[in-house]
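Here is input.cif, consisting of mmCIF, C-alpha atoms:
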```cif
data_upload
loop_
_atom_site.label_atom_id
_atom_site.label_comp_id
_atom_site.auth_asym_id
_atom_site.auth_seq_id
_atom_site.Cartn_x
_atom_site.Cartn_y
_atom_site.Cartn_z
CA ARG A 205 -78.95 -52.95 7.74
CA ASN A 206 -81.82 -54.69 9.50
CA SER A 207 -83.32 -52.86 12.43
CA LYS A 208 -86.36 -53.17 14.64
CA GLY A 209 -87.58 -51.45 17.75
CA ALA A 210 -89.86 -48.76 19.09
CA VAL A 211 -89.73 -45.16 20.28
CA PHE A 212 -92.11 -43.95 23.00
CA THR A 213 -92.46 -40.16 23.30
CA TYR A 214 -94.35 -37.91 25.70
CA GLY A 215 -94.37 -34.18 25.05
CA ARG A 216 -96.13 -30.99 26.10
CA ASN A 217 -96.43 -27.47 24.69
CA PHE A 218 -96.15 -24.66 27.21
CA ARG A 219 -96.13 -20.89 27.10
CA LEU A 220 -95.72 -19.34 23.65
CA PHE A 221 -93.67 -21.23 21.03
CA GLN A 222 -92.15 -23.68 23.55
CA SER A 223 -92.34 -27.45 23.92
CA ALA A 224 -90.58 -30.21 25.82
CA SER A 225 -90.55 -33.97 25.38
CA ILE A 226 -88.89 -37.14 26.56
CA SER A 227 -88.39 -40.22 24.38
CA TYR A 228 -87.41 -43.78 25.17
CA ASN A 229 -85.71 -45.67 22.33
CA LEU A 230 -85.47 -49.47 22.35
CA SER A 231 -83.95 -50.91 19.19
CA LYS A 232 -81.81 -53.67 17.74
CA TYR A 233 -79.50 -53.26 14.74
CA ASP A 234 -77.95 -55.93 12.55
CA ASP A 235 -75.54 -54.31 10.13
CA LYS A 236 -73.16 -55.85 7.60
CA THR A 237 -70.60 -53.74 5.76
CA THR A 238 -68.34 -54.99 2.96
CA THR A 239 -65.35 -52.77 2.17
CA VAL A 240 -62.61 -53.00 -0.45
CA VAL A 241 -59.47 -51.43 1.00
CA PRO A 242 -58.37 -48.77 -1.52
CA PRO A 243 -54.82 -48.62 -2.93
CA LEU A 244 -52.28 -46.43 -1.20
CA VAL A 245 -51.81 -42.89 -2.44
CA PRO A 246 -48.39 -41.23 -2.62
CA GLY A 247 -47.14 -40.43 0.86
CA GLN A 248 -49.62 -42.70 2.66
CA THR A 249 -48.20 -45.05 5.29
CA PRO A 250 -48.98 -48.76 4.64
CA PRO A 251 -51.19 -50.41 7.28
CA PRO A 252 -49.61 -52.75 9.86
CA PRO A 253 -49.29 -56.41 8.77
CA ASP A 254 -52.10 -57.49 11.12
CA GLN A 255 -54.59 -55.14 9.45
CA PRO A 256 -56.32 -55.45 6.03
CA GLN A 257 -54.02 -54.58 3.15
CA PRO A 258 -54.81 -52.51 0.02
CA GLY A 259 -57.03 -54.48 -2.37
CA ALA A 260 -58.40 -56.76 0.34
CA THR A 261 -62.16 -57.21 0.78
CA VAL A 262 -63.26 -56.97 4.39
CA THR A 263 -66.68 -57.71 5.87
CA ALA A 264 -67.65 -56.27 9.25
CA GLU A 265 -70.80 -57.25 11.13
CA TYR A 266 -72.43 -55.31 13.97
CA HIS A 267 -75.18 -56.53 16.31
CA ILE A 268 -76.31 -53.76 18.65
CA HIS A 269 -79.03 -53.52 21.26
CA ASN A 270 -79.73 -49.88 22.08
CA SER A 271 -81.74 -48.60 25.06
CA SER A 272 -81.74 -44.85 25.59
CA LEU A 273 -83.64 -41.85 27.00
CA ARG A 274 -83.68 -38.51 25.19
CA PRO A 275 -85.18 -35.38 26.79
CA ALA A 276 -85.55 -32.43 24.41
CA TYR A 277 -86.59 -28.77 24.49
CA VAL A 278 -87.70 -26.68 21.49
CA PHE A 279 -88.46 -22.97 21.09
CA ASP A 280 -89.98 -22.32 17.65
CA SER A 281 -91.40 -18.94 16.60
CA ARG A 282 -91.21 -19.46 12.82
CA ASP A 283 -94.34 -18.34 10.98
CA ASN A 284 -94.36 -21.51 8.84
CA PRO A 285 -92.44 -24.77 9.28
CA PHE A 286 -91.98 -25.32 5.52
CA GLU A 287 -91.98 -21.80 4.04
CA PRO A 288 -90.82 -19.52 6.86
CA THR A 289 -90.29 -15.79 6.28
CA GLN A 290 -89.44 -14.82 9.85
CA GLY A 291 -88.85 -16.29 13.29
CA GLN A 292 -86.31 -18.50 14.96
CA LYS A 293 -85.92 -22.01 16.31
CA LEU A 294 -83.78 -23.34 19.15
CA SER A 295 -83.52 -27.06 19.93
CA LEU A 296 -81.67 -28.77 22.78
CA SER A 297 -81.44 -32.49 23.45
CA LEU A 298 -79.46 -34.97 25.54
CA GLU A 299 -79.51 -38.70 24.83
CA TYR A 300 -78.37 -41.15 27.52
CA ALA A 301 -77.81 -44.80 26.61
CA GLY A 302 -76.83 -47.82 28.68
CA GLY A 303 -76.17 -47.93 32.40
CA PRO A 304 -79.37 -48.86 34.26
CA LEU A 305 -81.23 -48.82 30.92
CA GLY A 306 -79.27 -51.83 29.67
CA GLY A 307 -78.22 -52.42 26.08
CA ASP A 308 -74.85 -52.50 24.33
CA ASN A 309 -74.42 -48.74 23.95
CA ASN A 310 -73.14 -46.61 26.81
CA PHE A 311 -72.92 -42.92 25.98
CA LEU A 312 -74.10 -39.36 26.47
CA ARG A 313 -74.99 -37.41 23.31
CA PRO A 314 -75.89 -33.71 23.69
CA GLU A 315 -76.95 -31.79 20.58
CA VAL A 316 -77.95 -28.18 19.99
CA GLY A 317 -79.35 -26.34 16.98
CA TYR A 318 -80.35 -22.74 16.26
CA SER A 319 -81.84 -21.20 13.12
CA ILE A 320 -83.12 -17.73 12.34
CA PHE A 321 -85.09 -16.19 9.45
CA ARG A 322 -85.17 -12.43 8.84
CA PRO A 323 -86.96 -10.45 6.07
CA VAL A 324 -84.69 -8.25 3.94
CA SER A 325 -86.91 -6.60 1.29
CA ASN A 326 -90.45 -6.60 -0.14
CA TYR A 327 -89.80 -4.97 -3.53
CA PRO A 328 -89.41 -5.87 -6.37
CA THR A 329 -89.69 -9.30 -4.77
CA LYS A 330 -89.79 -10.48 -1.18
CA THR A 331 -86.38 -11.64 0.05
CA LEU A 332 -85.10 -12.97 3.35
CA ILE A 333 -81.91 -14.29 4.90
CA ALA A 334 -81.70 -17.51 6.90
CA PHE A 335 -78.93 -18.95 9.05
CA ASN A 336 -78.58 -22.29 10.82
CA ALA A 337 -75.94 -23.55 13.25
CA GLU A 338 -75.87 -26.90 14.99
CA GLY A 339 -73.47 -29.22 16.71
CA GLY A 340 -73.18 -32.20 18.95
CA LEU A 341 -70.84 -34.66 20.59
CA ILE A 342 -70.97 -38.22 21.85
CA HIS A 343 -69.07 -39.36 24.94
CA SER A 344 -68.58 -42.92 26.15
CA THR A 345 -69.67 -43.49 29.76
CA ASN A 346 -67.79 -46.78 30.23
CA ASN A 347 -64.42 -45.99 28.60
CA GLN A 348 -65.23 -48.25 25.64
CA PRO A 349 -65.01 -47.05 22.01
CA ILE A 350 -68.20 -45.61 20.53
CA ASN A 351 -69.76 -48.00 18.03
CA VAL A 352 -69.26 -47.08 14.36
CA LEU A 353 -73.03 -46.87 13.82
CA GLU A 354 -73.48 -44.24 16.54
CA ARG A 355 -70.75 -41.87 15.33
CA PHE A 356 -71.49 -38.62 13.51
CA PHE A 357 -71.41 -38.34 9.72
CA LEU A 358 -72.46 -35.31 7.66
CA GLY A 359 -73.69 -34.90 4.11
CA GLY A 360 -77.08 -34.87 2.43
CA GLU A 361 -79.80 -32.41 1.47
CA ASN A 362 -80.38 -31.40 5.10
CA SER A 363 -76.69 -31.10 5.93
CA ILE A 364 -73.82 -30.17 3.59
CA ARG A 365 -75.61 -30.07 0.24
CA GLY A 366 -73.90 -31.81 -2.66
CA HIS A 367 -72.15 -34.37 -0.48
CA ARG A 368 -74.06 -37.63 -0.34
CA TYR A 369 -75.79 -38.73 2.84
CA ARG A 370 -73.29 -39.68 5.57
CA SER A 371 -70.35 -39.20 3.18
CA ILE A 372 -68.40 -36.68 5.32
CA PHE A 373 -66.26 -38.70 7.72
CA LEU A 374 -63.06 -38.52 9.73
CA ARG A 375 -59.86 -37.74 7.83
CA ASP A 376 -56.21 -37.58 8.84
CA LYS A 377 -53.93 -34.56 8.49
CA ASN A 378 -53.31 -35.49 4.85
CA GLY A 379 -57.03 -35.53 4.04
CA LEU A 380 -57.28 -39.32 3.81
CA PRO A 381 -60.15 -41.30 5.42
CA LEU A 382 -59.56 -42.72 8.89
CA ARG A 383 -60.55 -46.38 9.25
CA ASP A 384 -60.90 -48.85 12.10
CA SER A 385 -59.13 -52.22 12.26
CA THR A 386 -61.71 -53.73 9.87
CA ALA A 387 -61.14 -50.98 7.26
CA VAL A 388 -64.56 -49.37 7.92
CA ILE A 389 -64.46 -45.59 7.57
CA LEU A 390 -65.00 -43.81 10.89
CA GLY A 391 -67.39 -41.01 11.75
CA GLY A 392 -66.63 -38.36 14.34
CA ASP A 393 -67.40 -38.11 18.03
CA SER A 394 -68.37 -34.45 17.52
CA TYR A 395 -69.61 -32.26 14.67
CA VAL A 396 -70.53 -28.71 13.71
CA GLN A 397 -72.62 -27.50 10.80
CA PHE A 398 -73.46 -24.04 9.43
CA ASN A 399 -75.93 -23.12 6.67
CA LEU A 400 -76.50 -19.66 5.20
CA GLU A 401 -79.29 -18.98 2.69
CA TYR A 402 -80.68 -15.97 0.80
CA HIS A 403 -84.29 -16.57 -0.32
CA PHE A 404 -86.17 -14.98 -3.23
CA VAL A 405 -89.91 -15.56 -2.70
CA LEU A 406 -91.23 -15.39 -6.27
CA GLY A 407 -94.91 -15.78 -5.54
CA GLY A 408 -97.17 -18.77 -5.91
CA PRO A 409 -95.42 -22.02 -5.04
CA PHE A 410 -91.95 -20.91 -6.18
CA ARG A 411 -88.94 -19.93 -4.11
CA VAL A 412 -85.28 -19.64 -5.25
CA LEU A 413 -82.43 -19.47 -2.81
CA LEU A 414 -78.67 -19.09 -2.86
CA PHE A 415 -76.82 -21.08 -0.21
CA THR A 416 -73.48 -21.92 1.28
CA ASP A 417 -72.93 -24.80 3.70
CA ALA A 418 -69.98 -25.62 5.93
CA GLY A 419 -69.33 -28.31 8.50
CA ASN A 420 -67.26 -31.29 9.52
CA VAL A 421 -66.89 -34.13 12.00
CA PHE A 422 -64.02 -34.39 14.46
CA GLY A 423 -62.40 -37.25 16.35
CA GLU A 424 -60.16 -37.68 19.36
CA GLY A 425 -57.23 -35.27 19.22
CA GLN A 426 -58.81 -33.20 16.43
CA SER A 427 -59.81 -29.67 17.42
CA PHE A 428 -62.39 -27.47 15.72
CA SER A 429 -61.03 -25.11 13.08
CA PHE A 430 -62.84 -23.08 10.43
CA SER A 431 -60.08 -24.03 7.99
CA ASN A 432 -61.03 -27.71 8.39
CA LEU A 433 -64.70 -27.27 7.51
CA ARG A 434 -66.02 -28.86 4.32
CA LYS A 435 -67.68 -26.14 2.23
CA THR A 436 -70.20 -26.10 -0.61
CA ALA A 437 -72.27 -23.42 -2.34
CA GLY A 438 -75.02 -23.37 -4.90
CA VAL A 439 -78.59 -22.53 -5.84
CA GLU A 440 -81.86 -24.27 -5.01
CA LEU A 441 -85.37 -24.12 -6.46
CA ARG A 442 -88.27 -25.00 -4.16
CA VAL A 443 -91.80 -25.65 -5.39
CA PHE A 444 -94.47 -26.06 -2.74
CA LEU A 445 -97.15 -28.57 -3.74
CA PRO A 446 -100.09 -29.02 -1.34
CA VAL A 447 -100.42 -32.67 -2.38
CA PHE A 448 -97.06 -33.36 -0.73
CA GLY A 449 -97.56 -30.92 2.13
CA ALA A 450 -93.94 -29.82 1.71
CA PRO A 451 -91.77 -28.22 -0.98
CA LEU A 452 -90.00 -30.13 -3.73
CA ARG A 453 -86.31 -29.21 -3.77
CA PHE A 454 -84.06 -29.09 -6.85
CA ILE A 455 -80.48 -28.47 -5.75
CA TYR A 456 -77.33 -27.56 -7.68
CA ALA A 457 -74.18 -27.52 -5.53
CA LYS A 458 -70.46 -27.00 -6.07
CA ASN A 459 -67.77 -28.60 -3.91
CA LEU A 460 -65.51 -25.75 -2.80
CA ASP A 461 -62.75 -27.97 -1.36
CA PRO A 462 -62.60 -31.39 -3.06
CA LEU A 463 -60.73 -34.16 -1.22
CA PRO A 464 -59.78 -37.74 -2.15
CA GLN A 465 -62.66 -40.24 -2.03
CA ASP A 466 -65.34 -37.54 -1.85
CA SER A 467 -68.82 -38.76 -2.77
CA PHE A 468 -70.32 -35.65 -4.36
CA GLU A 469 -73.42 -35.00 -6.46
CA SER A 470 -73.76 -31.67 -8.27
CA PHE A 471 -77.52 -32.18 -8.65
CA GLN A 472 -79.80 -33.46 -5.89
CA PHE A 473 -83.54 -33.75 -5.35
CA SER A 474 -85.39 -33.83 -2.05
CA ILE A 475 -88.69 -33.03 -0.36
CA GLY A 476 -88.91 -30.76 2.65
CA THR A 477 -86.62 -28.01 3.87
CA SER A 478 -82.92 -27.71 4.70
CA PHE A 479 -83.49 -26.62 8.32
#
```

Target encoding structure tokens, full file:
Amino acid sequence: RNSKGAVFTYGRNFRLFQSASISYNLSKYDDKTTTVVPPLVPGQTPPPPDQPQPGATVTAEYHIHNSSLRPAYVFDSRDNPFEPTQGQKLSLSLEYAGGPLGGDNNFLRPEVGYSIFRPVSNYPTKTLIAFNAEGGLIHSTNNQPINVLERFFLGGENSIRGHRYRSIFLRDKNGLPLRDSTAVILGGDSYVQFNLEYHFVLGGPFRVLLFTDAGNVFGEGQSFSFSNLRKTAGVELRVFLPVFGAPLRFIYAKNLDPLPQDSFESFQFSIGTSF
């Protein structure tokens, strides 16, 4: 993908723990995706004759001009953005693209997130519990399909750990990936994500935590259900190094509900926090 553009943001802090901002995004994307249509699995319906057949190589190109405004509000009372032991964070945003702003995209995209950290014990080691919930949806404002690049995908160290970045996509009732007419796998027009962690603060730069993640993306005609969430669990070691200004993360995760064509990594490394 080749992309260029600029984001202009104006924000203000007010009262205690609160801030608000508004951002204008002007960008152009040139994206080229090459896909090999996978073979059919037992029970799968063959694609129509006018669509790519199993084994075919398909190249899709996207050229998008995006112009959008995104107001946002944040309440953040955490005692530390990278190593919190208490506090909570609420974030609300609404992105509007197209219309009088111009561009190829025309949509509304509201998103909300909430996380909370609560101490549990101080002896023999400090422990705390943390929970995060977030979700969003994208709605076309001109009755045209949402571009593939703007749809929601989950996966990655800050999402559903173990699954690779943007590797959780739309699936049909049989658990098979949903694709567009060019065989490109589709993301959802809505998503939810939940993360639960139990932290052991070991002193110095070290912190160990147990976690479980759950979430999924949903498309038209697909309703939210806890039974449809993708779930992982595991353990994570964090080492805070001042030279990086953020913790190093060593993650071991287990896929609790494997599905065909999952892209899963049992071990991952990252820098920062999960939420």

Task: Exercise: stretch 315-330 of chain A partners within 8 Å, all atoms listed in the file, chain neighbours under 4 positions left out, as an MDAnalysis selection string - done: chainID A and resid 282 288:298 334:341 404:406 479

- [ ] Tell me, as a list in words, which residues lie within 9 Å of stretch 228-235 of chain A, counting all atoms listed in the file; anything in the same chain fewer than 5 positions away does not count.
- [x] Arg205, Asn206, Ser207, Lys208, Gly209, Ala210, Val211, Phe212, Thr213, Ala264, Glu265, Tyr266, His267, Ile268, His269, Asn270, Ser271, Ser272, Leu273, Arg274, Pro275, Gly307 and Leu353 of chain A

Open item on the list: Can you tell me which residues surround A:Ser467 at a distance of at most 12 Å, considering all atoms listed in the file, apart from same-chain residues fewer than 5 positions away, and format the answer as a ChimeraX atom specification?
Closed with: /A:358-360,364-373,459,462

Open item on the list: One number please: atom CA of A:Asp466 to atom CA of A:Leu452, in Å, one decimal.
Closed with: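 According to the coordinates, atom CA of A:Asp466 and atom CA of A:Leu452 are separated by 25.8 Å.
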
Task: Nearest to A:Phe356, chosen from A:Val421, A:Val412, A:Leu400, A:Leu305, with all atoms listed in the file counted in the distances - done: A:Val421
